[in-house]
Every structure is written in C-alpha cells, then in structure tokens.
Amino acid sequence: MSQEIIKKAGEIIASKTGYIGGGMEGYATLTLIDENGYPTASTLTIAKADGIKWLTFCTSNSRNSVKRIKKCNRAGVCINSAEYNITLVGTIEILTDAETKQEMWFPPMEEQWSGPDDPEYCVLRFNTERYSLFVGYEEAKGTLSPTKDAMLKVTPPSPSRDNSLIEQYKGDNTTRCYGCGAIVDNIIGRPHKYIGATQGCWNFYGEILAKEFGEYNYPETTHRLTVDTYAVQHPGQPCRQSIQSVNLHLISLYFVLVKNSSGKEATIKMKELLSKKTKFDWLEPPAPNGQKTVIDVLRAASLEEHEEKVREWAENVWNCWYSKHKQTIDGLVSDNF
Ligand SMILES: [Zn+2]
C-alpha cells in the first residue's frame with residue numbers, strides 16, 4: 001500500500017518539475033533554518049526529481065537559501081494541493097559542478113542566467129530521509145535510506161512513445177480531459193492554477209515539452225505553437241489570469257500562423273500587448289475546442305514529424321477559435337499593432 005502511495009507522490013512531483021512542466025507552474029515550499037536558528041519557508045520551482053527520493057532546485061549563489069544551507073543542511077519540502085500533501089524531511093546540498101549544472105539546465109532558464117556555466121547559477125539537491133504523504137485520501141509515513149550515491153541522471157519521459165501505449169488509454173483507469181477532450185490517464189491532481197487541464201493530459205503535455213527541450217533541441221517556433229495551443233485548448237474558468245492567458249496565446253498563434261512570424265517574434269508581440277495594459281474579455285471557448293490534441297502530437301517519431309503534428313494541432317485549434325472570435329481577435333491586432 002505504502003509503495004503505491006509513494007509511487008503516486010513521485011508522479012505528482014514529476015508532473016511539477018520545471019523540466020517537465022516547462023517551468024510554467026509547479027513549485028515546492030522549501031524550509032531551511034536561518035542564521036538565527038529560525039525555520040524559514042520559501043517557494044522554488046523543482047528542476048528535476050527521482051520519485052520522492054530527491055529533488056533539485058536551480059537557484060542563484062547570492063540567494064539567502066544558499067547562505068542558510070552553508071550553515072545548516074537540514075531541510076523540509078512540502079508540495080500540496082487540495083487533493084494531496086507531500087511533506088519530506090532530509091538534507092540539502094549545493095552543487096556547482098559543471099556536469100550537474102548542465103544536467104539540470106533547460107532553455108527557459110536563459111531568462112535568468114547566461115547559460116549552464118554562469119557562475120551565479122547553482123543547483124540545490126534535497127535528499128529525502130523521512131516522508132509523510134497524503135495522496136488520494138490515503139496516507140503513508142516512513143523513512144528512506146539516504147541516496148547520496150544515486151546519480152543525478154534522470155531520463156525524461158520516453159522520447160518516442162509507442163502508439164500502442166496511446167491506444168491503451170482507452171482502457172480502464174482513464175478519464176476525458178475537460179479541456180481538450182482527450183482520453184488520458186486518470187491521475188489525481190490539479191496541475192495548474194488556471195490552465196484547465198486534467199493531470200493525465202498535463203503529463204502528456206509535459207512529455208511533449210521534455211522532447212522539445214531535450215532530444216529536439218528547442219525548435220523555438222514549434223515550441224511557441226505547442227505552448228500557445230495547449231493554453232487556448234485548456235482555457236479553464238473565467239478569472240483574470242485565464243482571460244489574459246487565452247487572449248495573449250491567441251495573439252501569438254495569430255502571428256505565427258497568419259503572419260508567418262517566428263516563435264521569437266510572436267513572444268515579443270505578446271510582451272508588447274501585455275505592456276499596453278489592454279483590457280481583455282473572456283472569450284467563450286469554441287465547441288469543440290479543436291479535434292486534435294496532445295495525443296496526436298505524441299505519435300510523432302521524429303523532429304520533422306513532431307513539427308508537422310504540432311502545426312496541424314495548432315491550426316486545428318486556431319481555426320476553431322478564429323471562426324468563433326474573428327472580430328475580437330482582429331480588433332486586438334488592429335488596436336495594438
Ligand atoms: Zn487536455
């Protein structure tokens with residue numbers, strides 16, 4: 001029973017890692033002891049993890065957390081939502097070797113550091129000694145033997161998914177994603193604050209991002225389409241962030257698909273629009289919100305095929321939105337660009 005709960009907790013952590021989730025969402029609360037002996041809490045994005053055994057965080061050398069760890073290496077980590085609570089206690093270490101820094105690096109970090117060899121960038125590795133898990137109304141508590149010897153290498157989810165595996169998702173423990181309608185694993189969890197996706201669908205999305213960041217070497221325009229399409233296909237409920245998200249991602253899709261802009265150019269357009277403090281309206285999602293989903297993209301077996309599938313998916317979802325909201329989208333473009 002405990003093993004099952006530990007496994008589920010590990011899956012939840014994996015779905016929250018920056019590497020898998022694209023750094024969009026998913027963080028852990030890290031508690032450390034400060035210079036005066038008081039516990040302090042801060043939130044950090046999880047870079048990678050191996051089940052509940054260890055987690056890494058990418059941070060800056062100048063951060064308080066690094067100074068605290070140098071004084072005291074005891075730490076606690078908490079990852080929670082309404083459906084689960086994962087609390088881990090253990091030790092934490094600061095890693096600055098080139099191999100680890102390279103291993104934990106993923107492209108969105110370029111916004112913060114110049115590259116994996118930036119001397120300001122370092123990796124924190126938390127090693128679990130004790131756990132207390134509450135997942136799916138079941139509890140497990142226990143200790144783990146320290147895993148100092150475990151190498152940092154984690155294999156991102158399988159690069160080329162076997163199609164037969166996808167077919168299996170029509171099996172027993174599946175659910176329909178309330179965003180895109182894809183049949184996905186029925187996994188407990190609410191993966192994102194405002195993107196309306198089921199955990200199983202989010203994990204598939206994570207696999208796609210992992211491929212783009214990893215073996216496909218960050219094809220930036222395709223990656224732009226992936227992120228935008230996923231966001232508008234999972235609009236969630238009307239709230240300030242979801243309204244802004246859908247509007248911005250639609251504008252990005254407009255520039256890439258209609259104006260043939262590159263991913264980089266579309267990102268600049270999004271930032272421009274955001275800086276204008278435009279008042280966005282909630283756009284009622286089209287029904288269906290596209291007929292293609294992440295599952296169609298996961299079938300690709302090469303970069304070329306991946307780029308083709310992403311574009312088909314993006315065009316399909318975009319057409320649904322544009323035929324319903326042509327006036328609003330055209331208006332946003334003519335008013336702002
Ligand atoms: Zn979905």
# chains A, B, ... in the order shown; residues from 1 in each chain; ligands from 1
>>> residues_near_ligand(ligand="ligand 1", cutoff="6 Å", atoms="only C-alpha atoms and all ligand atoms", output="PDB file with N, CA and C atoms, in the first residue's frame")
ATOM      1  N   CYS A 177     -10.181  14.498 -20.652  1.00  0.00           N
ATOM      2  CA  CYS A 177      -9.682  15.809 -20.225  1.00  0.00           C
ATOM      3  C   CYS A 177     -10.776  16.850 -20.464  1.00  0.00           C
ATOM      4  N   GLY A 179     -10.470  19.871 -20.740  1.00  0.00           N
ATOM      5  CA  GLY A 179     -10.020  20.950 -21.613  1.00  0.00           C
ATOM      6  C   GLY A 179     -10.136  20.536 -23.070  1.00  0.00           C
ATOM      7  N   CYS A 180      -9.326  19.557 -23.463  1.00  0.00           N
ATOM      8  CA  CYS A 180      -9.219  19.189 -24.875  1.00  0.00           C
ATOM      9  C   CYS A 180     -10.083  17.998 -25.267  1.00  0.00           C
ATOM     10  N   GLY A 181     -10.575  17.263 -24.266  1.00  0.00           N
ATOM     11  CA  GLY A 181     -11.411  16.110 -24.574  1.00  0.00           C
ATOM     12  C   GLY A 181     -10.646  14.825 -24.836  1.00  0.00           C
ATOM     13  N   ALA A 182      -9.316  14.863 -24.728  1.00  0.00           N
ATOM     14  CA  ALA A 182      -8.522  13.645 -24.973  1.00  0.00           C
ATOM     15  C   ALA A 182      -8.764  12.641 -23.848  1.00  0.00           C
ATOM     16  N   ALA A 197      -6.673  21.832 -17.231  1.00  0.00           N
ATOM     17  CA  ALA A 197      -6.323  20.509 -17.768  1.00  0.00           C
ATOM     18  C   ALA A 197      -6.385  19.474 -16.655  1.00  0.00           C
ATOM     19  N   CYS A 201      -3.605  14.662 -18.808  1.00  0.00           N
ATOM     20  CA  CYS A 201      -3.339  15.427 -20.028  1.00  0.00           C
ATOM     21  C   CYS A 201      -2.096  16.294 -19.820  1.00  0.00           C
TER      22      CYS A 201
END
>>> residues_around(residues="stretch 29-46 of chain A", least_positions_apart="6", cutoff="8 Å", atoms="only C-alpha atoms", output="PyMOL selection string")
chain A and resi 16-18+23+55-58+65+68-69+71-79
>>> closest_residue(among="A:Leu298, A:Ala82, A:Val333, A:Leu225", to="A:Gly189", atoms="only C-alpha atoms")
A:Ala82
>>> residues_around(residues="A:Trp54", least_positions_apart="2", cutoff="6 Å", atoms="only C-alpha atoms", output="list in words")
Ala49, Asp50, Ile52, Phe126, Asn127 and Thr128 of chain A
>>> write_last_selection(atoms="N, CA and C atoms", output="CSV table (one decimal), in the first residue's frame")
chain,number,residue,atom,x,y,z
A,49,ALA,N,13.4,15.5,-10.4
A,49,ALA,CA,13.2,14.7,-9.2
A,49,ALA,C,13.3,13.2,-9.6
A,50,ASP,N,13.6,12.4,-8.6
A,50,ASP,CA,13.5,11.0,-8.8
A,50,ASP,C,12.6,10.4,-7.8
A,52,ILE,N,10.2,10.2,-4.8
A,52,ILE,CA,10.3,11.1,-3.7
A,52,ILE,C,11.7,11.1,-3.1
A,126,PHE,N,18.0,18.2,-2.7
A,126,PHE,CA,17.4,17.8,-1.5
A,126,PHE,C,17.3,16.3,-1.5
A,127,ASN,N,17.8,15.7,-0.4
A,127,ASN,CA,17.7,14.2,-0.3
A,127,ASN,C,16.7,13.8,0.8
A,128,THR,N,15.7,13.1,0.5
A,128,THR,CA,14.7,12.7,1.5
A,128,THR,C,15.2,11.7,2.5
>>> residues_around(residues="A:His249", least_positions_apart="3", cutoff="8 Å", atoms="only C-alpha atoms", output="short mmCIF file (atom, residue, chain, number, x, y, z; two decimals) with C-alpha atoms, in the first residue's frame")
data_model
loop_
_atom_site.label_atom_id
_atom_site.label_comp_id
_atom_site.auth_asym_id
_atom_site.auth_seq_id
_atom_site.Cartn_x
_atom_site.Cartn_y
_atom_site.Cartn_z
CA ASP A 228 0.03 28.57 -27.19
CA THR A 229 -2.15 25.78 -28.50
CA ALA A 231 -3.10 27.10 -23.33
CA VAL A 232 -6.06 28.01 -25.55
CA SER A 245 -3.64 33.87 -20.92
CA VAL A 246 -6.14 32.94 -23.64
CA SER A 252 0.77 34.64 -30.53
CA LEU A 253 -0.99 31.99 -32.65
CA MET A 270 2.79 39.04 -26.60
#
>>> residues_around(residues="A:Lys101", least_positions_apart="3", cutoff="6 Å", atoms="only C-alpha atoms", output="list in words")
Ala98, Met104 and Pro116 of chain A
>>> atom_distance(atom1="atom CA of A:Val135", atom2="atom CA of A:Ile5")
6.5 Å
>>> select_by_dssp(residues="stretch 156-283 of chain A", states="strand (DSSP E)", output="PyMOL selection string")
chain A and resi 174-176+183-185
>>> write_last_selection(atoms="N, CA and C atoms", output="mmCIF file, in the first residue's frame")
data_model
loop_
_atom_site.group_PDB
_atom_site.id
_atom_site.type_symbol
_atom_site.label_atom_id
_atom_site.label_comp_id
_atom_site.auth_asym_id
_atom_site.auth_seq_id
_atom_site.Cartn_x
_atom_site.Cartn_y
_atom_site.Cartn_z
ATOM 1 N N THR A 174 -9.065 5.573 -17.027
ATOM 2 C CA THR A 174 -8.856 6.771 -17.839
ATOM 3 C C THR A 174 -9.972 7.773 -17.599
ATOM 4 N N THR A 175 -9.750 8.954 -18.072
ATOM 5 C CA THR A 175 -10.768 9.988 -17.952
ATOM 6 C C THR A 175 -10.665 10.895 -19.169
ATOM 7 N N ARG A 176 -11.697 11.679 -19.398
ATOM 8 C CA ARG A 176 -11.668 12.597 -20.527
ATOM 9 C C ARG A 176 -11.189 13.957 -20.026
ATOM 10 N N ILE A 183 -8.648 11.362 -24.200
ATOM 11 C CA ILE A 183 -8.751 10.309 -23.186
ATOM 12 C C ILE A 183 -7.359 10.133 -22.593
ATOM 13 N N VAL A 184 -7.248 10.381 -21.307
ATOM 14 C CA VAL A 184 -5.931 10.368 -20.652
ATOM 15 C C VAL A 184 -5.983 9.563 -19.363
ATOM 16 N N ASP A 185 -4.821 9.287 -18.794
ATOM 17 C CA ASP A 185 -4.754 8.576 -17.515
ATOM 18 C C ASP A 185 -5.540 9.342 -16.459
#
>>> residues_around(residues="A:Thr143", least_positions_apart="4", cutoff="10 Å", atoms="only C-alpha atoms", output="list in words")
Leu88, Val89, Gly90, Thr128, Glu129, Arg130, Tyr131 and Ser132 of chain A
>>> write_last_selection(atoms="C-alpha atoms", output="PDB file, in the first residue's frame")
ATOM      1  CA  LEU A  88       9.561  15.475   3.010  1.00  0.00           C
ATOM      2  CA  VAL A  89      12.323  15.959   5.566  1.00  0.00           C
ATOM      3  CA  GLY A  90      16.004  15.497   4.876  1.00  0.00           C
ATOM      4  CA  THR A 128      14.694  12.740   1.473  1.00  0.00           C
ATOM      5  CA  GLU A 129      15.181  10.918   4.753  1.00  0.00           C
ATOM      6  CA  ARG A 130      11.617  10.969   6.089  1.00  0.00           C
ATOM      7  CA  TYR A 131       8.286  11.307   4.307  1.00  0.00           C
ATOM      8  CA  SER A 132       4.684  11.935   5.199  1.00  0.00           C
TER       9      SER A 132
END
>>> residues_around(residues="stretch 11-15 of chain A", least_positions_apart="5", cutoff="10 Å", atoms="only C-alpha atoms", output="MDAnalysis selection string")
chainID A and resid 5:6 20:21 25:28 46:52 55 79:80 84 86 135 156:157 187:191 199:200 202:207
>>> select_by_dssp(residues="stretch 51-133 of chain A", states="alpha helix (DSSP H)", output="tab-separated table (two decimals) with N, CA and C atoms, in the first residue's frame")
chain	number	residue	atom	x	y	z
A	64	ASN	N	19.55	33.97	-0.28
A	64	ASN	CA	19.63	33.66	1.14
A	64	ASN	C	19.64	32.16	1.40
A	65	SER	N	18.86	31.43	0.58
A	65	SER	CA	18.77	29.99	0.82
A	65	SER	C	20.14	29.33	0.76
A	66	VAL	N	20.98	29.79	-0.17
A	66	VAL	CA	22.32	29.20	-0.31
A	66	VAL	C	23.15	29.49	0.94
A	67	LYS	N	23.04	30.71	1.42
A	67	LYS	CA	23.79	31.08	2.64
A	67	LYS	C	23.33	30.23	3.83
A	68	ARG	N	22.02	30.01	3.89
A	68	ARG	CA	21.48	29.23	5.01
A	68	ARG	C	21.94	27.79	4.95
A	69	ILE	N	21.93	27.22	3.76
A	69	ILE	CA	22.33	25.82	3.61
A	69	ILE	C	23.80	25.64	4.02
A	70	LYS	N	24.62	26.64	3.75
A	70	LYS	CA	26.04	26.55	4.13
A	70	LYS	C	26.18	26.45	5.64
A	71	LYS	N	25.23	27.03	6.37
A	71	LYS	CA	25.27	26.98	7.84
A	71	LYS	C	24.59	25.74	8.40
A	98	ALA	N	30.13	21.42	-13.13
A	98	ALA	CA	29.65	21.72	-14.48
A	98	ALA	C	28.66	20.67	-14.98
A	99	GLU	N	28.94	19.40	-14.65
A	99	GLU	CA	28.07	18.33	-15.18
A	99	GLU	C	26.65	18.44	-14.63
A	100	THR	N	26.55	18.67	-13.33
A	100	THR	CA	25.23	18.79	-12.71
A	100	THR	C	24.50	20.02	-13.24
A	101	LYS	N	25.24	21.12	-13.34
A	101	LYS	CA	24.61	22.36	-13.81
A	101	LYS	C	24.07	22.20	-15.24
A	102	GLN	N	24.83	21.48	-16.04
A	102	GLN	CA	24.39	21.21	-17.41
A	102	GLN	C	23.17	20.29	-17.39
A	103	GLU	N	23.24	19.28	-16.55
A	103	GLU	CA	22.17	18.27	-16.45
A	103	GLU	C	20.82	18.90	-16.05
A	104	MET	N	20.87	19.89	-15.16
A	104	MET	CA	19.64	20.50	-14.65
A	104	MET	C	19.16	21.66	-15.51
>>> closest_residue(among="A:Thr267, A:Asn247, A:Gln241, A:Ser302", to="A:Lys211", atoms="only C-alpha atoms")
A:Ser302
>>> atom_distance(atom1="atom CA of A:Leu273", atom2="atom CA of A:Ser261")
15.5 Å
>>> closest_residue(among="A:Arg299, A:Arg240, A:His223, A:Lys8", to="A:Gly263", atoms="only C-alpha atoms")
A:His223
>>> atom_distance(atom1="atom CA of A:Ser114", atom2="atom CA of A:Leu95")
17.8 Å
